[in-house]
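> So I've got this file, run_15.txt, and it contains compact mmCIF, C-alpha atoms:
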# COMPACT_ATOMS: atom_id res chain seq x y z
CA MET B 1 190.96 157.58 122.93
CA ALA B 2 192.50 158.98 119.81
CA GLU B 3 191.20 162.12 118.18
CA THR B 4 188.42 161.44 115.69
CA THR B 5 186.74 162.98 112.69
CA GLN B 6 182.99 163.02 112.36
CA PHE B 7 182.36 161.15 109.13
CA GLU B 8 179.04 161.45 107.34
CA LEU B 9 177.96 159.63 104.23
CA VAL B 10 174.79 161.02 102.71
CA SER B 11 172.84 159.73 99.74
CA PRO B 12 169.90 161.66 98.27
CA GLU B 13 167.41 159.37 99.98
CA ARG B 14 168.90 159.29 103.44
CA LEU B 15 171.81 159.71 105.81
CA VAL B 16 173.65 156.45 105.26
CA LEU B 17 176.28 156.71 107.91
CA SER B 18 177.29 159.14 110.60
CA GLN B 19 180.00 158.17 113.01
CA ALA B 20 183.26 159.26 114.53
CA VAL B 21 186.23 157.68 112.80
CA GLU B 22 189.98 157.83 113.13
CA MET B 23 190.68 158.01 109.45
CA VAL B 24 188.73 157.77 106.27
CA VAL B 25 190.08 157.36 102.75
CA VAL B 26 187.99 158.99 100.05
CA PRO B 27 188.24 158.46 96.28
CA GLY B 28 188.67 162.04 95.07
CA SER B 29 188.64 162.80 91.38
CA GLU B 30 192.37 163.58 91.54
CA GLY B 31 193.25 160.49 93.51
CA TYR B 32 192.44 158.92 96.82
CA PHE B 33 192.97 161.07 99.87
CA GLY B 34 192.99 160.20 103.52
CA VAL B 35 191.22 162.39 106.04
CA LEU B 36 192.58 162.55 109.54
CA PRO B 37 191.43 164.89 112.30
CA ARG B 38 192.42 168.52 111.72
CA HIS B 39 192.60 168.05 107.99
CA ALA B 40 192.76 171.28 105.97
CA PRO B 41 189.34 172.37 104.66
CA LEU B 42 188.76 170.86 101.25
CA ILE B 43 185.98 170.40 98.77
CA SER B 44 186.48 167.78 96.12
CA THR B 45 184.50 165.89 93.54
CA LEU B 46 184.50 162.12 93.75
CA SER B 47 185.31 159.52 91.19
CA PRO B 48 183.63 156.13 91.52
CA GLY B 49 185.57 154.12 94.06
CA VAL B 50 185.72 152.76 97.56
CA ILE B 51 185.64 154.65 100.82
CA ASP B 52 187.73 152.98 103.51
CA ILE B 53 186.95 153.67 107.12
CA HIS B 54 189.90 153.06 109.40
CA GLU B 55 189.56 152.47 113.08
CA GLY B 56 192.18 151.22 115.48
CA GLY B 57 194.70 150.92 112.69
CA SER B 58 192.68 148.67 110.41
CA VAL B 59 189.91 149.04 107.86
CA THR B 60 186.55 148.44 109.48
CA GLN B 61 184.18 149.33 106.66
CA ARG B 62 184.45 149.57 102.92
CA ILE B 63 181.76 151.35 100.98
CA PHE B 64 181.45 151.81 97.26
CA VAL B 65 180.42 155.32 96.21
CA ALA B 66 179.85 156.99 92.87
CA GLY B 67 178.92 160.41 91.64
CA GLY B 68 179.29 162.92 94.38
CA PHE B 69 181.26 165.37 96.44
CA ALA B 70 183.27 165.43 99.60
CA GLU B 71 183.55 168.30 102.01
CA VAL B 72 186.28 168.17 104.60
CA THR B 73 186.86 170.46 107.53
CA GLY B 74 189.01 170.05 110.63
CA GLU B 75 186.29 168.24 112.52
CA ARG B 76 184.09 166.80 109.81
CA CYS B 77 184.19 164.86 106.61
CA THR B 78 180.94 164.84 104.66
CA VAL B 79 180.50 162.77 101.54
CA LEU B 80 177.52 163.36 99.29
CA ALA B 81 177.18 160.37 97.01
CA GLU B 82 174.55 159.45 94.52
CA VAL B 83 175.28 155.76 94.93
CA ALA B 84 176.49 154.33 98.23
CA MET B 85 176.71 150.62 98.83
CA PRO B 86 178.78 148.49 101.21
CA LEU B 87 181.34 146.52 99.26
CA ASP B 88 180.11 143.24 100.76
CA GLU B 89 176.69 143.76 99.25
CA ILE B 90 177.87 144.10 95.69
CA ASP B 91 176.90 141.16 93.56
CA VAL B 92 179.16 141.02 90.51
CA ALA B 93 176.91 138.65 88.55
CA LYS B 94 173.88 140.83 89.17
CA ALA B 95 175.75 144.00 88.21
CA GLU B 96 176.99 142.33 85.03
CA SER B 97 173.53 141.26 83.96
CA ASN B 98 172.34 144.75 84.78
CA ILE B 99 174.99 146.15 82.43
CA THR B 100 173.91 143.81 79.65
CA ASP B 101 170.28 144.82 80.13
CA THR B 102 171.13 148.49 80.12
CA ARG B 103 173.18 148.10 76.93
CA ASP B 104 170.18 146.44 75.31
CA VAL B 105 168.00 149.37 76.24
CA LEU B 106 170.64 151.85 75.15
CA LYS B 107 170.68 150.46 71.60
CA ASP B 108 167.17 151.74 70.89
CA VAL B 109 167.44 155.06 72.67
CA THR B 110 168.03 158.13 70.57
CA ASP B 111 167.18 160.91 73.01
CA PRO B 112 170.53 162.44 74.05
CA VAL B 113 169.40 163.15 77.61
CA GLU B 114 168.29 159.57 78.10
CA ARG B 115 171.46 158.24 76.49
CA ALA B 116 173.70 160.22 78.78
CA LYS B 117 171.81 158.86 81.75
CA LEU B 118 172.18 155.24 80.66
CA ASP B 119 175.85 155.71 79.83
CA ASN B 120 176.32 157.05 83.30
CA LYS B 121 174.57 154.03 84.78
CA ILE B 122 176.81 151.62 82.88
CA ALA B 123 179.94 153.48 83.95
CA THR B 124 178.84 153.29 87.58
CA LEU B 125 178.12 149.59 87.38
CA GLU B 126 181.45 148.92 85.71
CA ALA B 127 183.28 150.85 88.40
CA MET B 128 181.35 148.84 90.96
CA ILE B 129 182.54 145.57 89.46
CA THR B 130 186.12 146.78 89.21
CA ALA B 131 186.06 147.85 92.83
CA LYS B 132 184.65 144.52 93.91
CA ARG B 133 187.21 142.55 91.92
CA ALA B 134 190.09 144.60 93.30
CA ALA B 135 188.97 143.98 96.87
CA MET S 136 107.26 165.19 102.55
CA ALA S 137 109.85 162.68 101.39
CA ASN S 138 108.59 159.19 101.74
CA LEU S 139 110.18 156.63 103.99
CA LYS S 140 111.71 154.48 101.30
CA ASP S 141 113.49 157.37 99.62
CA LEU S 142 114.92 158.47 102.94
CA LYS S 143 116.16 154.99 103.67
CA ILE S 144 117.93 154.78 100.32
CA ARG S 145 119.44 158.20 100.86
CA ILE S 146 120.79 157.27 104.28
CA LYS S 147 122.28 154.09 102.91
CA SER S 148 124.06 155.91 100.11
CA VAL S 149 125.51 158.54 102.42
CA LYS S 150 126.70 155.77 104.71
CA SER S 151 128.58 154.05 101.93
CA THR S 152 130.11 157.36 100.87
CA GLN S 153 131.23 157.85 104.44
CA LYS S 154 132.87 154.45 104.40
CA ILE S 155 134.82 155.36 101.31
CA THR S 156 135.97 158.72 102.63
CA SER S 157 137.04 157.26 105.94
CA ALA S 158 138.98 154.52 104.14
CA MET S 159 140.68 157.16 101.99
CA LYS S 160 141.53 159.11 105.10
CA MET S 161 143.15 156.04 106.61
CA VAL S 162 145.16 155.35 103.46
CA ALA S 163 146.25 158.97 103.24
CA ALA S 164 147.37 158.90 106.85
CA ALA S 165 149.52 155.83 106.23
CA LYS S 166 150.98 157.32 103.09
CA LEU S 167 151.55 160.63 104.82
CA ARG S 168 153.71 158.96 107.43
CA ARG S 169 155.81 157.33 104.75
CA ALA S 170 156.10 160.48 102.67
CA GLN S 171 157.04 162.50 105.71
CA GLU S 172 159.76 160.05 106.64
CA ALA S 173 161.14 160.16 103.12
CA ALA S 174 161.12 163.94 103.17
CA GLU S 175 162.95 164.02 106.47
CA ALA S 176 165.49 161.41 105.37
CA ALA S 177 166.33 163.46 102.31
CA ARG S 178 166.91 166.63 104.26
CA PRO S 179 170.59 166.08 105.23
CA TYR S 180 171.64 165.73 101.61
CA ALA S 181 169.93 168.94 100.57
CA GLU S 182 171.31 170.80 103.56
CA ARG S 183 174.89 169.81 102.90
CA MET S 184 174.48 170.51 99.22
CA ASP S 185 173.32 174.02 100.07
CA ARG S 186 176.25 174.50 102.39
CA MET S 187 178.73 173.52 99.71
CA ILE S 188 177.13 175.76 97.15
CA ALA S 189 177.09 178.60 99.62
CA SER S 190 180.81 178.38 100.23
CA LEU S 191 181.63 177.83 96.57
CA GLY S 192 179.20 180.37 95.24
CA ALA S 193 180.58 183.07 97.51
CA LYS S 194 183.99 182.54 95.98
CA VAL S 195 182.98 182.40 92.37
CA ALA S 196 180.29 185.07 92.55
CA GLY S 197 180.89 188.00 90.28
CA VAL S 198 183.56 186.36 88.16
CA GLY S 199 181.14 185.06 85.60
CA GLY S 200 181.13 181.42 86.53
CA PRO S 201 179.10 178.67 84.93
CA LYS S 202 175.89 179.60 83.17
CA LEU S 203 173.76 177.68 85.62
CA LEU S 204 174.89 180.08 88.30
CA ALA S 205 175.30 183.33 86.42
CA GLY S 206 172.31 182.88 84.14
CA THR S 207 172.17 183.70 80.47
CA GLY S 208 172.31 187.39 81.15
CA ARG S 209 168.79 187.72 79.86
CA ASP S 210 165.44 187.58 81.56
CA ASP S 211 163.10 187.10 78.63
CA VAL S 212 161.94 183.53 78.63
CA HIS S 213 160.61 182.09 81.86
CA LEU S 214 159.96 178.45 82.48
CA ILE S 215 157.39 177.76 85.15
CA VAL S 216 157.54 174.27 86.57
CA VAL S 217 154.26 173.39 88.24
CA ALA S 218 154.39 170.39 90.52
CA THR S 219 150.98 169.03 91.50
CA ALA S 220 149.43 165.69 92.31
CA ASP S 221 148.05 163.18 89.86
CA ARG S 222 144.83 162.77 91.72
CA GLY S 223 142.23 165.05 93.16
CA LEU S 224 140.09 164.69 96.28
CA CYS S 225 142.66 166.47 98.35
CA GLY S 226 141.00 169.77 99.14
CA GLY S 227 142.56 172.86 97.70
CA PHE S 228 145.95 171.25 97.25
CA ASN S 229 146.15 171.31 93.47
CA SER S 230 144.14 174.45 92.91
CA SER S 231 146.26 176.53 95.23
CA ILE S 232 149.44 175.62 93.39
CA VAL S 233 147.84 176.25 90.03
CA ARG S 234 146.40 179.54 91.22
CA ALA S 235 149.80 180.76 92.36
CA ALA S 236 151.42 179.62 89.13
CA ARG S 237 148.72 181.26 87.06
CA ARG S 238 149.09 184.54 88.88
CA ARG S 239 152.83 184.46 88.21
CA ILE S 240 152.30 183.61 84.56
CA ASP S 241 149.87 186.49 84.13
CA GLN S 242 152.28 188.84 85.83
CA LEU S 243 155.16 187.75 83.59
CA LEU S 244 153.02 188.03 80.49
CA ALA S 245 151.98 191.52 81.52
CA GLU S 246 155.65 192.40 81.73
CA GLY S 247 156.03 191.26 78.16
CA LYS S 248 158.06 188.13 78.90
CA THR S 249 157.69 184.82 77.16
CA VAL S 250 156.40 182.09 79.42
CA LYS S 251 156.78 178.36 79.03
CA VAL S 252 155.17 175.87 81.35
CA ALA S 253 156.30 172.43 82.40
CA THR S 254 153.92 170.42 84.51
CA ILE S 255 154.63 167.55 86.83
CA GLY S 256 151.47 165.73 87.83
CA ARG S 257 148.24 165.31 85.94
CA LYS S 258 146.05 167.76 87.82
CA GLY S 259 148.30 170.70 87.13
CA ARG S 260 148.33 169.97 83.44
CA ASP S 261 144.56 169.55 83.32
CA GLN S 262 143.95 172.81 85.11
CA LEU S 263 146.46 174.84 83.15
CA ARG S 264 145.59 173.41 79.77
CA ARG S 265 142.54 175.55 79.31
CA LEU S 266 144.23 178.91 79.63
CA HIS S 267 147.85 178.19 78.85
CA GLY S 268 147.66 175.01 76.81
CA ASP S 269 149.91 176.32 74.08
CA ARG S 270 152.59 177.26 76.60
CA ILE S 271 153.00 173.80 78.08
CA VAL S 272 156.28 172.46 76.75
CA SER S 273 156.49 169.29 78.77
CA SER S 274 154.36 167.36 81.18
CA ARG S 275 154.85 164.31 83.29
CA GLU S 276 152.62 162.23 85.46
CA ASN S 277 152.91 159.27 87.77
CA VAL S 278 155.91 160.87 89.40
CA ALA S 279 154.82 160.37 92.97
CA ARG S 280 152.71 157.27 92.67
CA ASN S 281 154.35 155.38 95.50
CA VAL S 282 157.50 156.99 96.72
CA VAL S 283 159.26 159.76 94.87
CA SER S 284 162.48 158.35 93.51
CA PHE S 285 165.65 160.33 93.08
CA ASP S 286 165.95 158.85 89.60
CA THR S 287 162.77 160.53 88.42
CA SER S 288 163.90 163.84 89.82
CA ASP S 289 167.19 163.29 88.07
CA ASP S 290 165.35 162.78 84.78
CA ILE S 291 163.44 166.00 85.26
CA GLY S 292 166.59 167.84 86.25
CA ARG S 293 168.48 166.59 83.23
CA GLU S 294 165.64 167.56 80.96
CA LEU S 295 165.55 171.06 82.42
CA ILE S 296 169.29 171.53 82.11
CA HIS S 297 169.23 170.21 78.59
CA MET S 298 166.54 172.74 77.69
CA PHE S 299 168.46 175.48 79.45
CA GLU S 300 171.64 174.71 77.58
CA ALA S 301 169.73 174.65 74.33
CA GLY S 302 168.72 178.21 75.16
CA GLU S 303 165.03 177.46 75.49
CA PHE S 304 164.60 179.55 78.61
CA ASP S 305 166.50 181.97 80.84
CA VAL S 306 164.90 181.49 84.23
CA ALA S 307 163.22 178.43 85.70
CA THR S 308 160.96 178.56 88.72
CA ILE S 309 159.24 175.66 90.42
CA PHE S 310 155.89 175.84 92.21
CA PHE S 311 155.04 173.29 94.85
CA ASN S 312 153.50 172.92 98.27
CA ARG S 313 155.83 172.93 101.21
CA PHE S 314 154.70 170.62 103.94
CA GLN S 315 154.12 172.28 107.27
CA SER S 316 151.64 169.99 108.96
CA ALA S 317 148.83 167.74 107.85
CA MET S 318 146.56 170.77 108.06
CA THR S 319 148.71 173.41 106.42
CA GLN S 320 150.64 173.46 103.22
CA VAL S 321 152.39 176.52 101.96
CA VAL S 322 152.56 177.22 98.26
CA THR S 323 156.20 177.88 97.54
CA GLU S 324 157.89 179.44 94.59
CA GLN S 325 161.54 178.58 94.17
CA GLN S 326 163.97 179.63 91.52
CA LEU S 327 165.89 176.68 90.09
CA ILE S 328 167.93 178.19 87.30
CA PRO S 329 170.04 180.28 87.56
CA ALA S 330 170.96 178.89 90.93
CA LYS S 331 170.26 181.03 93.95
CA ILE S 332 173.16 181.14 96.33
CA PRO S 333 171.76 180.10 99.69
CA THR S 334 171.98 182.89 102.23
CA LYS S 335 174.78 182.86 104.68
CA ASP S 336 172.73 181.85 107.66
CA VAL S 337 172.83 178.25 106.51
CA GLY S 338 175.07 176.62 109.07
CA ASP S 339 176.89 178.79 111.56
CA ALA S 340 178.60 181.88 110.31
CA ALA S 341 182.07 180.99 111.54
CA GLU S 342 182.08 177.85 109.47
CA ASN S 343 181.37 179.70 106.27
CA LYS S 344 184.46 181.80 106.67
CA VAL S 345 186.70 178.76 106.35
CA MET S 346 188.86 178.93 103.27
CA TYR S 347 188.53 175.70 101.43
CA GLU S 348 190.96 174.06 99.10
CA TYR S 349 189.34 172.84 95.94
CA GLU S 350 190.02 169.75 94.01
CA PRO S 351 190.05 169.97 90.99
CA ASP S 352 189.09 173.68 91.11
CA GLU S 353 186.10 175.85 91.97
CA GLU S 354 184.78 176.09 88.45
CA GLU S 355 184.89 172.41 87.79
CA ILE S 356 183.30 171.50 91.08
CA LEU S 357 180.57 174.03 90.50
CA THR S 358 179.92 172.65 87.04
CA ALA S 359 179.40 169.26 88.59
CA LEU S 360 177.61 170.51 91.65
CA LEU S 361 175.04 172.81 90.08
CA PRO S 362 173.14 170.25 87.98
CA ARG S 363 173.09 168.00 91.01
CA SER S 364 171.73 170.85 93.04
CA VAL S 365 168.91 171.43 90.55
CA THR S 366 168.02 167.76 90.78
CA THR S 367 168.15 167.85 94.56
CA GLN S 368 165.88 170.86 94.69
CA ILE S 369 163.39 169.14 92.44
CA TYR S 370 163.64 166.01 94.54
CA THR S 371 163.04 167.95 97.74
CA ALA S 372 160.14 169.80 96.14
CA LEU S 373 158.54 166.56 95.00
CA LEU S 374 158.97 164.97 98.40
CA GLU S 375 157.46 167.98 100.13
CA ASN S 376 154.69 167.97 97.59
CA SER S 377 153.84 164.34 98.13
CA ALA S 378 153.79 164.74 101.89
CA SER S 379 151.57 167.80 101.48
CA GLU S 380 149.28 165.97 99.10
CA HIS S 381 148.67 163.14 101.53
CA GLY S 382 148.26 165.59 104.38
CA ALA S 383 145.75 167.63 102.40
CA ARG S 384 143.88 164.53 101.37
CA MET S 385 143.76 163.29 104.93
CA THR S 386 142.31 166.57 106.15
CA ALA S 387 139.85 166.79 103.27
CA MET S 388 138.68 163.23 103.77
CA ASP S 389 138.41 163.74 107.51
CA SER S 390 136.04 166.63 107.08
CA ALA S 391 134.18 164.75 104.37
CA THR S 392 133.67 161.88 106.78
CA ARG S 393 132.46 164.27 109.43
CA ASN S 394 130.08 165.98 107.04
CA ALA S 395 128.70 162.63 105.99
CA GLY S 396 128.13 161.82 109.67
CA ASP S 397 126.22 165.07 110.17
CA MET S 398 124.18 164.37 107.11
CA ILE S 399 123.33 160.86 108.29
CA ASP S 400 122.20 162.24 111.65
CA LYS S 401 119.99 164.80 109.98
CA LEU S 402 118.50 162.28 107.59
CA THR S 403 117.90 159.78 110.37
CA LEU S 404 116.05 162.43 112.34
CA THR S 405 113.84 163.24 109.37
CA TYR S 406 113.32 159.54 108.81
CA ASN S 407 112.16 158.96 112.38
CA ARG S 408 109.92 162.01 112.33
CA THR S 409 108.33 160.92 109.11
CA ARG S 410 107.82 157.43 110.45
CA GLN S 411 106.20 158.81 113.58
CA ALA S 412 103.99 161.07 111.50
CA VAL S 413 102.85 158.13 109.43
CA ILE S 414 101.99 156.12 112.55
CA THR S 415 100.10 159.04 114.08
CA LYS S 416 98.22 159.56 110.88
CA GLU S 417 97.20 155.92 110.77
CA LEU S 418 96.04 156.03 114.37
CA ILE S 419 93.96 159.13 113.76
CA GLU S 420 92.38 157.45 110.77
CA ILE S 421 91.49 154.36 112.79
CA ILE S 422 90.13 156.37 115.73
CA SER S 423 88.10 158.75 113.64
CA GLY S 424 86.84 155.76 111.66
CA ALA S 425 85.72 154.09 114.89
CA GLU S 426 84.08 157.28 116.17
CA ALA S 427 82.12 157.71 112.99
CA LEU S 428 80.39 154.43 113.55
Translate this structure into structure tokens?


Amino acid sequence: MAETTQFELVSPERLVLSQAVEMVVVPGSEGYFGVLPRHAPLISTLSPGVIDIHEGGSVTQRIFVAGGFAEVTGERCTVLAEVAMPLDEIDVAKAESNITDTRDVLKDVTDPVERAKLDNKIATLEAMITAKRAA
Amino acid sequence: MANLKDLKIRIKSVKSTQKITSAMKMVAAAKLRRAQEAAEAARPYAERMDRMIASLGAKVAGVGGPKLLAGTGRDDVHLIVVATADRGLCGGFNSSIVRAARRRIDQLLAEGKTVKVATIGRKGRDQLRRLHGDRIVSSRENVARNVVSFDTSDDIGRELIHMFEAGEFDVATIFFNRFQSAMTQVVTEQQLIPAKIPTKDVGDAAENKVMYEYEPDEEEILTALLPRSVTTQIYTALLENSASEHGARMTAMDSATRNAGDMIDKLTLTYNRTRQAVITKELIEIISGAEAL
């Protein structure tokens, strides 16, 4: 069997995924990067996008992530993501209505902290839709 | 001597109290399991977050760095975040947190610092209001009604950071109960801002020596990582707190149920004795009445 990297995807609530993979492509904030075994140690922030897990030369899982960090060492690749959702489970219509609802709420909000939070939510949902459409 | 009817009523009321406490114990046990699972599920995230901060913080330490890490350079205004439960009937759970917080507040005040208080949970606010009412700058409740959500912690974290950036305080410390077992909770004091670099023994030592590449760069990652870390710490604290709360309530209700049982036994004994005494008395009356004839 080929050499593998231990890939871990962690969201605040739980450990989403932990498995040995051949390659994983991560959406870093400065562009997508692929992680193969014996990758140089790296810490990067993430931009909203899709994580591709490659096994046996083809993509076996695609997961949308947003807001987080990736830590890579020779043996491990750990992704801390605030949002993690398999691409198959994304419902564009639902996300769109969610955006509309959030915009409605946003109109009446004046508190800057709250506003920033809602803006963030909309951006994540939009990225989710873009990712889904591109797939 | 108490009469029979009163005793009967008393026994009945203690019995219904016992029913309530044992039901509460059951509910707390079920909730405890859920809260414990949530706390355990959240652990990997916090651990890895600490590890990243440890490796980043070691690099940036001493070169200034973001304010959240280096602090404001002052130590004048302290924000004490007190995380308690919304409800009582859980033994010394709330009081022990409040007591620890109060001691700290008094100590800081004695040192001539300014103290602000933020409460999470109704009981903490209620108990602190009397002495430090004018110091409470924010309070929240209903945080841990069902399951603690990361979103709520995020709100709290954002609020704290917003206040910090507005220069409203220099140091923030959170008080909560760390869950050890259903019987024991440990009051914990943890500094949130400025961030404490986790000690090196997180993870194995060899791993920490690895030189990482950073994308974009250390500063920027830290700026993004630190607020997230504050939120994560709050989240962990709230999860631990909610597990502790249910554990404390379970223990408290268990002993309440047992006490009620003891009380019922004692009352039943008195009841039977009294009944017997009444019967004996009646018999004596009849016999002496017959003898008198």

> Do you have the atom CA of B:Thr78-atom CA of B:Val10 distance handy?

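So the two atoms, atom CA of B:Thr78 and atom CA of B:Val10, lie 7.5 Å apart.
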
> Compile the contact shell of S:Leu224 as a PyMOL selection string: residues with an atom at most 9 Å away, counting only C-alpha atoms, same-chain residues fewer than 4 positions apart removed.

chain S and resi 228+383-384+387-388

> Using only C-alpha atoms, which protein or nucleic acid residues come within 8 Å of S:Met161? Drop anything in the same chain fewer than 4 positions from it, and give the result as a PDB file with C-alpha atoms, keeping the file's coordinate frame.


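Result went into around.pdb, see below:
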ATOM      1  CA  SER S 157     137.040 157.260 105.940  1.00  0.00           C
ATOM      2  CA  ALA S 165     149.520 155.830 106.230  1.00  0.00           C
ATOM      3  CA  MET S 385     143.760 163.290 104.930  1.00  0.00           C
TER       4      MET S 385
END

> In terms of the shortest atom-to-atom distance over all atoms listed in the file, which of B:Leu9, B:Ile51, B:Asp119, B:Gly57 is closest to B:Glu22?

B:Gly57

> Enumerate as an mmCIF file with C-alpha atoms, in the frame of the given file the residues belonging to chain S that approach chain B to within 7 Å, with all atoms listed in the file taken into account.


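This is the output file selection-v1.cif:
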data_model
loop_
_atom_site.group_PDB
_atom_site.id
_atom_site.type_symbol
_atom_site.label_atom_id
_atom_site.label_comp_id
_atom_site.auth_asym_id
_atom_site.auth_seq_id
_atom_site.Cartn_x
_atom_site.Cartn_y
_atom_site.Cartn_z
ATOM 1 C CA ALA S 176 165.490 161.410 105.370
ATOM 2 C CA ALA S 177 166.330 163.460 102.310
ATOM 3 C CA PRO S 179 170.590 166.080 105.230
ATOM 4 C CA TYR S 180 171.640 165.730 101.610
ATOM 5 C CA PHE S 285 165.650 160.330 93.080
ATOM 6 C CA ARG S 293 168.480 166.590 83.230
ATOM 7 C CA GLU S 294 165.640 167.560 80.960
ATOM 8 C CA MET S 346 188.860 178.930 103.270
ATOM 9 C CA TYR S 347 188.530 175.700 101.430
ATOM 10 C CA GLU S 348 190.960 174.060 99.100
ATOM 11 C CA TYR S 349 189.340 172.840 95.940
ATOM 12 C CA GLU S 350 190.020 169.750 94.010
ATOM 13 C CA PRO S 351 190.050 169.970 90.990
ATOM 14 C CA ILE S 356 183.300 171.500 91.080
#

> Atom CA of S:Ser274 to atom CA of S:Val217: how many Å, to one decimal?

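Atom-to-atom, atom CA of S:Ser274 and atom CA of S:Val217 are spaced 9.3 Å apart.
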
> By how many Å are atom CA of S:Ile232 and atom CA of S:Leu204 apart?

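Going from atom CA of S:Ile232 over to atom CA of S:Leu204 covers 26.3 Å.
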
> Closest to S:Ile146 among S:Thr254, S:Thr405, S:Gln242, S:Thr415, using all atoms listed in the file?

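So, comparing all the options, the nearest one is S:Thr405.
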
> For S:Arg257, find every residue with an atom within 9 Å (counting all atoms listed in the file), except residues of its own chain fewer than 4 positions away, and show them as a list in words.

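Within the cut-off, the hits are Thr219, Ala220, Asp221, Arg222, Asp261, Gln262, Ser274, Arg275, Glu276 and Asn277 of chain S.
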
> Taking every listed atom of stretch 110-118 of chain B and adding 5 Å to each side, what centre and edge lengths in Å (one decimal) does the axis-aligned box have, as JSON?


{"center_x": 170.4, "center_y": 159.2, "center_z": 76.2, "size_x": 16.5, "size_y": 17.9, "size_z": 21.2}

> Tell me which residues come within 10 Å of (177.1, 155.1, 87.0), as a list in words, counting all atoms listed in the file in the file's coordinates.

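Final list of nearby residues, as requested, is Pro48, Val65, Ala66, Gly67, Glu82, Val83, Lys117, Leu118, Asp119, Asn120, Lys121, Ile122, Ala123, Thr124, Leu125, Glu126, Ala127 and Met128 of chain B.
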
> Please produce an output containing C-alpha atoms for each residue in the selection, written as a CSV table (one decimal), in the coordinates of the input.


chain,number,residue,atom,x,y,z
B,48,PRO,CA,183.6,156.1,91.5
B,65,VAL,CA,180.4,155.3,96.2
B,66,ALA,CA,179.8,157.0,92.9
B,67,GLY,CA,178.9,160.4,91.6
B,82,GLU,CA,174.6,159.4,94.5
B,83,VAL,CA,175.3,155.8,94.9
B,117,LYS,CA,171.8,158.9,81.8
B,118,LEU,CA,172.2,155.2,80.7
B,119,ASP,CA,175.8,155.7,79.8
B,120,ASN,CA,176.3,157.0,83.3
B,121,LYS,CA,174.6,154.0,84.8
B,122,ILE,CA,176.8,151.6,82.9
B,123,ALA,CA,179.9,153.5,84.0
B,124,THR,CA,178.8,153.3,87.6
B,125,LEU,CA,178.1,149.6,87.4
B,126,GLU,CA,181.4,148.9,85.7
B,127,ALA,CA,183.3,150.8,88.4
B,128,MET,CA,181.4,148.8,91.0

> Let me make sure I understand: among S:Leu167, S:Ile419, S:Met398, S:Met184, which one has the smallest atom-to-atom distance to S:Glu375 if we use only C-alpha atoms?

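Looking only at the distances to S:Glu375, the closest residue turns out to be S:Leu167.
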